[in-house]
Amino acid sequence: MAPFQRLGIEDFLPDSLAITVTQGDMILSADKPGKFGILLPPLKSRAVEGGVDYWDIEHFVIQVADLEELLQMSVFV
């Protein structure tokens, strides 16, 4: 049971700025089993490279399949 809300493309506001969080942007912690973190520097770099002010990003988009796979891994940071 995960408290994740699935959204379709139609659920996003057309004027809302979002960035995709890839599996490589997420980490697990040995101190907090079942919890994940998001590495922000890669997201900031991608935003800047794309010509976007990262302060304007309102949403993170995470594919549930990537998150489920990450949570099943046993590699911790």
# chains A, B, ... in the order shown; residues from 1 in each chain; ligands from 1
>>> select_by_dssp(residues="chain A", states="helix (DSSP H, G or I)", output="ChimeraX atom specification")
/A:9-11,23-25,40-49,54-56,64-72
>>> residues_around(residues="Asp25 in chain A", least_positions_apart="5", cutoff="7 Å", atoms="only C-alpha atoms", output="ChimeraX atom specification")
/A:38-39,42
>>> write_last_selection(atoms="N, CA and C atoms", output="PDB file, in the first residue's frame")
ATOM      1  N   ILE A  38      14.781  12.149  -3.229  1.00  0.00           N
ATOM      2  CA  ILE A  38      14.990  12.640  -4.590  1.00  0.00           C
ATOM      3  C   ILE A  38      16.236  13.512  -4.588  1.00  0.00           C
ATOM      4  N   LEU A  39      17.175  13.187  -5.474  1.00  0.00           N
ATOM      5  CA  LEU A  39      18.393  13.981  -5.620  1.00  0.00           C
ATOM      6  C   LEU A  39      18.048  15.235  -6.436  1.00  0.00           C
ATOM      7  N   PRO A  42      20.555  16.909  -9.917  1.00  0.00           N
ATOM      8  CA  PRO A  42      20.336  16.534 -11.323  1.00  0.00           C
ATOM      9  C   PRO A  42      19.090  17.198 -11.917  1.00  0.00           C
TER      10      PRO A  42
END
>>> closest_atom_pairs(of="range 12-44 of chain A", to="range 49-55 of chain A", cutoff="10 Å", atoms="only C-alpha atoms", output="JSON lines")
{"residue": "A:Leu17", "atom": "CA", "partner": "A:Val52", "partner_atom": "CA", "distance": 9.2}
{"residue": "A:Ala18", "atom": "CA", "partner": "A:Tyr54", "partner_atom": "CA", "distance": 9.7}
{"residue": "A:Ile19", "atom": "CA", "partner": "A:Tyr54", "partner_atom": "CA", "distance": 9.2}
{"residue": "A:Leu43", "atom": "CA", "partner": "A:Tyr54", "partner_atom": "CA", "distance": 8.2}
{"residue": "A:Lys44", "atom": "CA", "partner": "A:Tyr54", "partner_atom": "CA", "distance": 5.9}
>>> atom_distance(atom1="CA of Pro14 in chain A", atom2="CA of Met26 in chain A")
25.9 Å
>>> atom_distance(atom1="CA of Asp56 in chain A", atom2="CA of Lys35 in chain A")
26.2 Å
>>> atom_distance(atom1="CA of Val61 in chain A", atom2="CA of Val21 in chain A")
5.8 Å
>>> select_by_dssp(residues="range 14-54 of chain A", states="strand (DSSP E)", output="PDB file with N, CA and C atoms, in the first residue's frame")
ATOM      1  N   ALA A  18       6.334  21.240 -14.792  1.00  0.00           N
ATOM      2  CA  ALA A  18       6.704  20.016 -14.086  1.00  0.00           C
ATOM      3  C   ALA A  18       8.016  19.490 -14.650  1.00  0.00           C
ATOM      4  N   ILE A  19       8.691  18.670 -13.854  1.00  0.00           N
ATOM      5  CA  ILE A  19       9.922  18.024 -14.304  1.00  0.00           C
ATOM      6  C   ILE A  19       9.832  16.544 -13.939  1.00  0.00           C
ATOM      7  N   THR A  20      10.334  15.699 -14.815  1.00  0.00           N
ATOM      8  CA  THR A  20      10.303  14.261 -14.586  1.00  0.00           C
ATOM      9  C   THR A  20      11.441  13.836 -13.675  1.00  0.00           C
ATOM     10  N   VAL A  21      11.104  13.032 -12.684  1.00  0.00           N
ATOM     11  CA  VAL A  21      12.089  12.443 -11.782  1.00  0.00           C
ATOM     12  C   VAL A  21      12.335  11.032 -12.284  1.00  0.00           C
ATOM     13  N   MET A  26      16.357   9.054  -7.875  1.00  0.00           N
ATOM     14  CA  MET A  26      15.801   8.633  -6.584  1.00  0.00           C
ATOM     15  C   MET A  26      16.785   7.735  -5.837  1.00  0.00           C
ATOM     16  N   ILE A  27      16.733   7.812  -4.521  1.00  0.00           N
ATOM     17  CA  ILE A  27      17.609   6.997  -3.675  1.00  0.00           C
ATOM     18  C   ILE A  27      16.813   6.381  -2.536  1.00  0.00           C
ATOM     19  N   LEU A  28      17.336   5.289  -2.006  1.00  0.00           N
ATOM     20  CA  LEU A  28      16.792   4.668  -0.804  1.00  0.00           C
ATOM     21  C   LEU A  28      17.714   4.980   0.360  1.00  0.00           C
ATOM     22  N   PHE A  36      11.937   6.861   0.232  1.00  0.00           N
ATOM     23  CA  PHE A  36      12.860   7.225  -0.837  1.00  0.00           C
ATOM     24  C   PHE A  36      13.111   8.717  -0.801  1.00  0.00           C
ATOM     25  N   GLY A  37      14.215   9.100  -1.394  1.00  0.00           N
ATOM     26  CA  GLY A  37      14.563  10.506  -1.508  1.00  0.00           C
ATOM     27  C   GLY A  37      14.771  10.864  -2.969  1.00  0.00           C
ATOM     28  N   ILE A  38      14.781  12.149  -3.229  1.00  0.00           N
ATOM     29  CA  ILE A  38      14.990  12.640  -4.590  1.00  0.00           C
ATOM     30  C   ILE A  38      16.236  13.512  -4.588  1.00  0.00           C
TER      31      ILE A  38
END
>>> residues_around(residues="Asp15 in chain A", least_positions_apart="4", cutoff="12 Å", atoms="only C-alpha atoms", output="PyMOL selection string")
chain A and resi 11+56-59
>>> write_last_selection(atoms="N, CA, C and O atoms", output="PDB file, in the first residue's frame")
ATOM      1  N   ASP A  11      -4.741  15.548 -15.968  1.00  0.00           N
ATOM      2  CA  ASP A  11      -4.831  16.085 -14.610  1.00  0.00           C
ATOM      3  C   ASP A  11      -3.869  17.244 -14.354  1.00  0.00           C
ATOM      4  O   ASP A  11      -3.955  17.897 -13.319  1.00  0.00           O
ATOM      5  N   ASP A  56      10.635  27.908 -10.891  1.00  0.00           N
ATOM      6  CA  ASP A  56       9.296  27.927 -11.475  1.00  0.00           C
ATOM      7  C   ASP A  56       8.652  26.545 -11.546  1.00  0.00           C
ATOM      8  O   ASP A  56       7.466  26.430 -11.843  1.00  0.00           O
ATOM      9  N   ILE A  57       9.416  25.488 -11.258  1.00  0.00           N
ATOM     10  CA  ILE A  57       8.881  24.126 -11.318  1.00  0.00           C
ATOM     11  C   ILE A  57       7.915  23.916 -10.155  1.00  0.00           C
ATOM     12  O   ILE A  57       8.248  24.157  -9.004  1.00  0.00           O
ATOM     13  N   GLU A  58       6.713  23.458 -10.492  1.00  0.00           N
ATOM     14  CA  GLU A  58       5.663  23.288  -9.489  1.00  0.00           C
ATOM     15  C   GLU A  58       5.407  21.828  -9.124  1.00  0.00           C
ATOM     16  O   GLU A  58       4.855  21.551  -8.059  1.00  0.00           O
ATOM     17  N   HIS A  59       5.762  20.897 -10.013  1.00  0.00           N
ATOM     18  CA  HIS A  59       5.435  19.490  -9.793  1.00  0.00           C
ATOM     19  C   HIS A  59       6.596  18.589 -10.207  1.00  0.00           C
ATOM     20  O   HIS A  59       7.312  18.891 -11.151  1.00  0.00           O
TER      21      HIS A  59
END
>>> decode(residues="range 3-18 of chain A", atoms="all heavy atoms", output="PDB file, in the first residue's frame")
ATOM      1  N   PRO A   3       1.036   5.511  -0.562  1.00  0.00           N
ATOM      2  CA  PRO A   3       0.192   6.720  -0.602  1.00  0.00           C
ATOM      3  C   PRO A   3       0.484   7.584  -1.827  1.00  0.00           C
ATOM      4  O   PRO A   3       0.638   8.791  -1.716  1.00  0.00           O
ATOM      5  CB  PRO A   3       0.596   7.441   0.687  1.00  0.00           C
ATOM      6  CG  PRO A   3       2.043   7.097   0.841  1.00  0.00           C
ATOM      7  CD  PRO A   3       2.154   5.655   0.333  1.00  0.00           C
ATOM      8  N   PHE A   4       0.574   6.956  -2.987  1.00  0.00           N
ATOM      9  CA  PHE A   4       0.888   7.694  -4.202  1.00  0.00           C
ATOM     10  C   PHE A   4      -0.382   7.931  -4.997  1.00  0.00           C
ATOM     11  O   PHE A   4      -1.221   7.051  -5.113  1.00  0.00           O
ATOM     12  CB  PHE A   4       1.906   6.935  -5.057  1.00  0.00           C
ATOM     13  CG  PHE A   4       3.137   6.544  -4.285  1.00  0.00           C
ATOM     14  CD1 PHE A   4       3.432   5.216  -4.087  1.00  0.00           C
ATOM     15  CD2 PHE A   4       3.962   7.509  -3.741  1.00  0.00           C
ATOM     16  CE1 PHE A   4       4.561   4.843  -3.368  1.00  0.00           C
ATOM     17  CE2 PHE A   4       5.080   7.147  -3.017  1.00  0.00           C
ATOM     18  CZ  PHE A   4       5.380   5.818  -2.830  1.00  0.00           C
ATOM     19  N   GLN A   5      -0.497   9.100  -5.543  1.00  0.00           N
ATOM     20  CA  GLN A   5      -1.674   9.447  -6.326  1.00  0.00           C
ATOM     21  C   GLN A   5      -1.320   9.385  -7.799  1.00  0.00           C
ATOM     22  O   GLN A   5      -0.414  10.067  -8.256  1.00  0.00           O
ATOM     23  CB  GLN A   5      -2.123  10.862  -5.952  1.00  0.00           C
ATOM     24  CG  GLN A   5      -3.339  11.317  -6.693  1.00  0.00           C
ATOM     25  CD  GLN A   5      -3.735  12.734  -6.309  1.00  0.00           C
ATOM     26  OE1 GLN A   5      -3.061  13.394  -5.541  1.00  0.00           O
ATOM     27  NE2 GLN A   5      -4.833  13.193  -6.859  1.00  0.00           N
ATOM     28  N   ARG A   6      -2.040   8.549  -8.543  1.00  0.00           N
ATOM     29  CA  ARG A   6      -1.821   8.445  -9.984  1.00  0.00           C
ATOM     30  C   ARG A   6      -2.547   9.571 -10.686  1.00  0.00           C
ATOM     31  O   ARG A   6      -3.719   9.829 -10.420  1.00  0.00           O
ATOM     32  CB  ARG A   6      -2.328   7.119 -10.528  1.00  0.00           C
ATOM     33  CG  ARG A   6      -1.431   5.963 -10.212  1.00  0.00           C
ATOM     34  CD  ARG A   6      -1.999   4.704 -10.875  1.00  0.00           C
ATOM     35  NE  ARG A   6      -1.211   3.565 -10.530  1.00  0.00           N
ATOM     36  CZ  ARG A   6      -0.420   2.924 -11.399  1.00  0.00           C
ATOM     37  NH1 ARG A   6      -0.351   3.317 -12.637  1.00  0.00           N
ATOM     38  NH2 ARG A   6       0.288   1.898 -11.013  1.00  0.00           N
ATOM     39  N   LEU A   7      -1.851  10.239 -11.568  1.00  0.00           N
ATOM     40  CA  LEU A   7      -2.433  11.302 -12.366  1.00  0.00           C
ATOM     41  C   LEU A   7      -2.190  11.017 -13.833  1.00  0.00           C
ATOM     42  O   LEU A   7      -1.138  10.510 -14.204  1.00  0.00           O
ATOM     43  CB  LEU A   7      -1.813  12.661 -12.016  1.00  0.00           C
ATOM     44  CG  LEU A   7      -1.970  13.155 -10.586  1.00  0.00           C
ATOM     45  CD1 LEU A   7      -1.192  14.443 -10.386  1.00  0.00           C
ATOM     46  CD2 LEU A   7      -3.432  13.363 -10.247  1.00  0.00           C
ATOM     47  N   GLY A   8      -3.154  11.355 -14.645  1.00  0.00           N
ATOM     48  CA  GLY A   8      -2.996  11.256 -16.087  1.00  0.00           C
ATOM     49  C   GLY A   8      -2.605  12.619 -16.627  1.00  0.00           C
ATOM     50  O   GLY A   8      -2.654  13.633 -15.914  1.00  0.00           O
ATOM     51  N   ILE A   9      -2.217  12.670 -17.872  1.00  0.00           N
ATOM     52  CA  ILE A   9      -1.790  13.926 -18.486  1.00  0.00           C
ATOM     53  C   ILE A   9      -2.888  14.978 -18.400  1.00  0.00           C
ATOM     54  O   ILE A   9      -2.616  16.168 -18.254  1.00  0.00           O
ATOM     55  CB  ILE A   9      -1.314  13.704 -19.944  1.00  0.00           C
ATOM     56  CG1 ILE A   9      -0.610  14.936 -20.482  1.00  0.00           C
ATOM     57  CG2 ILE A   9      -2.475  13.319 -20.828  1.00  0.00           C
ATOM     58  CD1 ILE A   9       0.714  15.219 -19.861  1.00  0.00           C
ATOM     59  N   GLU A  10      -4.142  14.540 -18.428  1.00  0.00           N
ATOM     60  CA  GLU A  10      -5.259  15.481 -18.361  1.00  0.00           C
ATOM     61  C   GLU A  10      -5.416  16.118 -16.979  1.00  0.00           C
ATOM     62  O   GLU A  10      -6.109  17.116 -16.821  1.00  0.00           O
ATOM     63  CB  GLU A  10      -6.569  14.785 -18.763  1.00  0.00           C
ATOM     64  CG  GLU A  10      -7.034  13.712 -17.805  1.00  0.00           C
ATOM     65  CD  GLU A  10      -6.355  12.347 -17.970  1.00  0.00           C
ATOM     66  OE1 GLU A  10      -5.527  12.175 -18.888  1.00  0.00           O
ATOM     67  OE2 GLU A  10      -6.652  11.456 -17.174  1.00  0.00           O
ATOM     68  N   ASP A  11      -4.741  15.548 -15.968  1.00  0.00           N
ATOM     69  CA  ASP A  11      -4.831  16.085 -14.610  1.00  0.00           C
ATOM     70  C   ASP A  11      -3.869  17.244 -14.354  1.00  0.00           C
ATOM     71  O   ASP A  11      -3.955  17.897 -13.319  1.00  0.00           O
ATOM     72  CB  ASP A  11      -4.562  14.975 -13.586  1.00  0.00           C
ATOM     73  CG  ASP A  11      -5.631  13.895 -13.631  1.00  0.00           C
ATOM     74  OD1 ASP A  11      -6.822  14.245 -13.694  1.00  0.00           O
ATOM     75  OD2 ASP A  11      -5.265  12.709 -13.618  1.00  0.00           O
ATOM     76  N   PHE A  12      -2.945  17.478 -15.272  1.00  0.00           N
ATOM     77  CA  PHE A  12      -1.985  18.560 -15.097  1.00  0.00           C
ATOM     78  C   PHE A  12      -2.522  19.840 -15.714  1.00  0.00           C
ATOM     79  O   PHE A  12      -3.153  19.819 -16.777  1.00  0.00           O
ATOM     80  CB  PHE A  12      -0.632  18.212 -15.734  1.00  0.00           C
ATOM     81  CG  PHE A  12       0.078  17.108 -15.016  1.00  0.00           C
ATOM     82  CD1 PHE A  12      -0.019  15.797 -15.457  1.00  0.00           C
ATOM     83  CD2 PHE A  12       0.837  17.373 -13.890  1.00  0.00           C
ATOM     84  CE1 PHE A  12       0.627  14.780 -14.793  1.00  0.00           C
ATOM     85  CE2 PHE A  12       1.487  16.359 -13.216  1.00  0.00           C
ATOM     86  CZ  PHE A  12       1.387  15.058 -13.670  1.00  0.00           C
ATOM     87  N   LEU A  13      -2.273  20.936 -15.049  1.00  0.00           N
ATOM     88  CA  LEU A  13      -2.685  22.224 -15.587  1.00  0.00           C
ATOM     89  C   LEU A  13      -1.783  22.585 -16.761  1.00  0.00           C
ATOM     90  O   LEU A  13      -0.567  22.409 -16.678  1.00  0.00           O
ATOM     91  CB  LEU A  13      -2.600  23.301 -14.503  1.00  0.00           C
ATOM     92  CG  LEU A  13      -3.480  23.082 -13.277  1.00  0.00           C
ATOM     93  CD1 LEU A  13      -3.174  24.124 -12.219  1.00  0.00           C
ATOM     94  CD2 LEU A  13      -4.942  23.115 -13.662  1.00  0.00           C
ATOM     95  N   PRO A  14      -2.345  23.105 -17.840  1.00  0.00           N
ATOM     96  CA  PRO A  14      -1.531  23.397 -19.025  1.00  0.00           C
ATOM     97  C   PRO A  14      -0.450  24.448 -18.779  1.00  0.00           C
ATOM     98  O   PRO A  14       0.578  24.433 -19.434  1.00  0.00           O
ATOM     99  CB  PRO A  14      -2.541  23.873 -20.067  1.00  0.00           C
ATOM    100  CG  PRO A  14      -3.784  24.164 -19.323  1.00  0.00           C
ATOM    101  CD  PRO A  14      -3.748  23.419 -18.026  1.00  0.00           C
ATOM    102  N   ASP A  15      -0.660  25.331 -17.822  1.00  0.00           N
ATOM    103  CA  ASP A  15       0.326  26.373 -17.534  1.00  0.00           C
ATOM    104  C   ASP A  15       1.245  26.016 -16.369  1.00  0.00           C
ATOM    105  O   ASP A  15       2.039  26.837 -15.933  1.00  0.00           O
ATOM    106  CB  ASP A  15      -0.382  27.702 -17.237  1.00  0.00           C
ATOM    107  CG  ASP A  15      -1.162  28.210 -18.435  1.00  0.00           C
ATOM    108  OD1 ASP A  15      -0.738  27.932 -19.577  1.00  0.00           O
ATOM    109  OD2 ASP A  15      -2.194  28.865 -18.226  1.00  0.00           O
ATOM    110  N   SER A  16       1.121  24.800 -15.859  1.00  0.00           N
ATOM    111  CA  SER A  16       1.912  24.345 -14.721  1.00  0.00           C
ATOM    112  C   SER A  16       3.211  23.711 -15.220  1.00  0.00           C
ATOM    113  O   SER A  16       3.201  22.903 -16.137  1.00  0.00           O
ATOM    114  CB  SER A  16       1.108  23.326 -13.924  1.00  0.00           C
ATOM    115  OG  SER A  16       1.850  22.813 -12.865  1.00  0.00           O
ATOM    116  N   LEU A  17       4.319  24.071 -14.597  1.00  0.00           N
ATOM    117  CA  LEU A  17       5.624  23.553 -15.014  1.00  0.00           C
ATOM    118  C   LEU A  17       6.007  22.355 -14.142  1.00  0.00           C
ATOM    119  O   LEU A  17       5.990  22.442 -12.913  1.00  0.00           O
ATOM    120  CB  LEU A  17       6.678  24.649 -14.911  1.00  0.00           C
ATOM    121  CG  LEU A  17       8.041  24.361 -15.509  1.00  0.00           C
ATOM    122  CD1 LEU A  17       7.913  24.032 -16.998  1.00  0.00           C
ATOM    123  CD2 LEU A  17       8.954  25.540 -15.321  1.00  0.00           C
ATOM    124  N   ALA A  18       6.334  21.240 -14.792  1.00  0.00           N
ATOM    125  CA  ALA A  18       6.704  20.016 -14.086  1.00  0.00           C
ATOM    126  C   ALA A  18       8.016  19.490 -14.650  1.00  0.00           C
ATOM    127  O   ALA A  18       8.410  19.829 -15.765  1.00  0.00           O
ATOM    128  CB  ALA A  18       5.612  18.965 -14.245  1.00  0.00           C
TER     129      ALA A  18
END
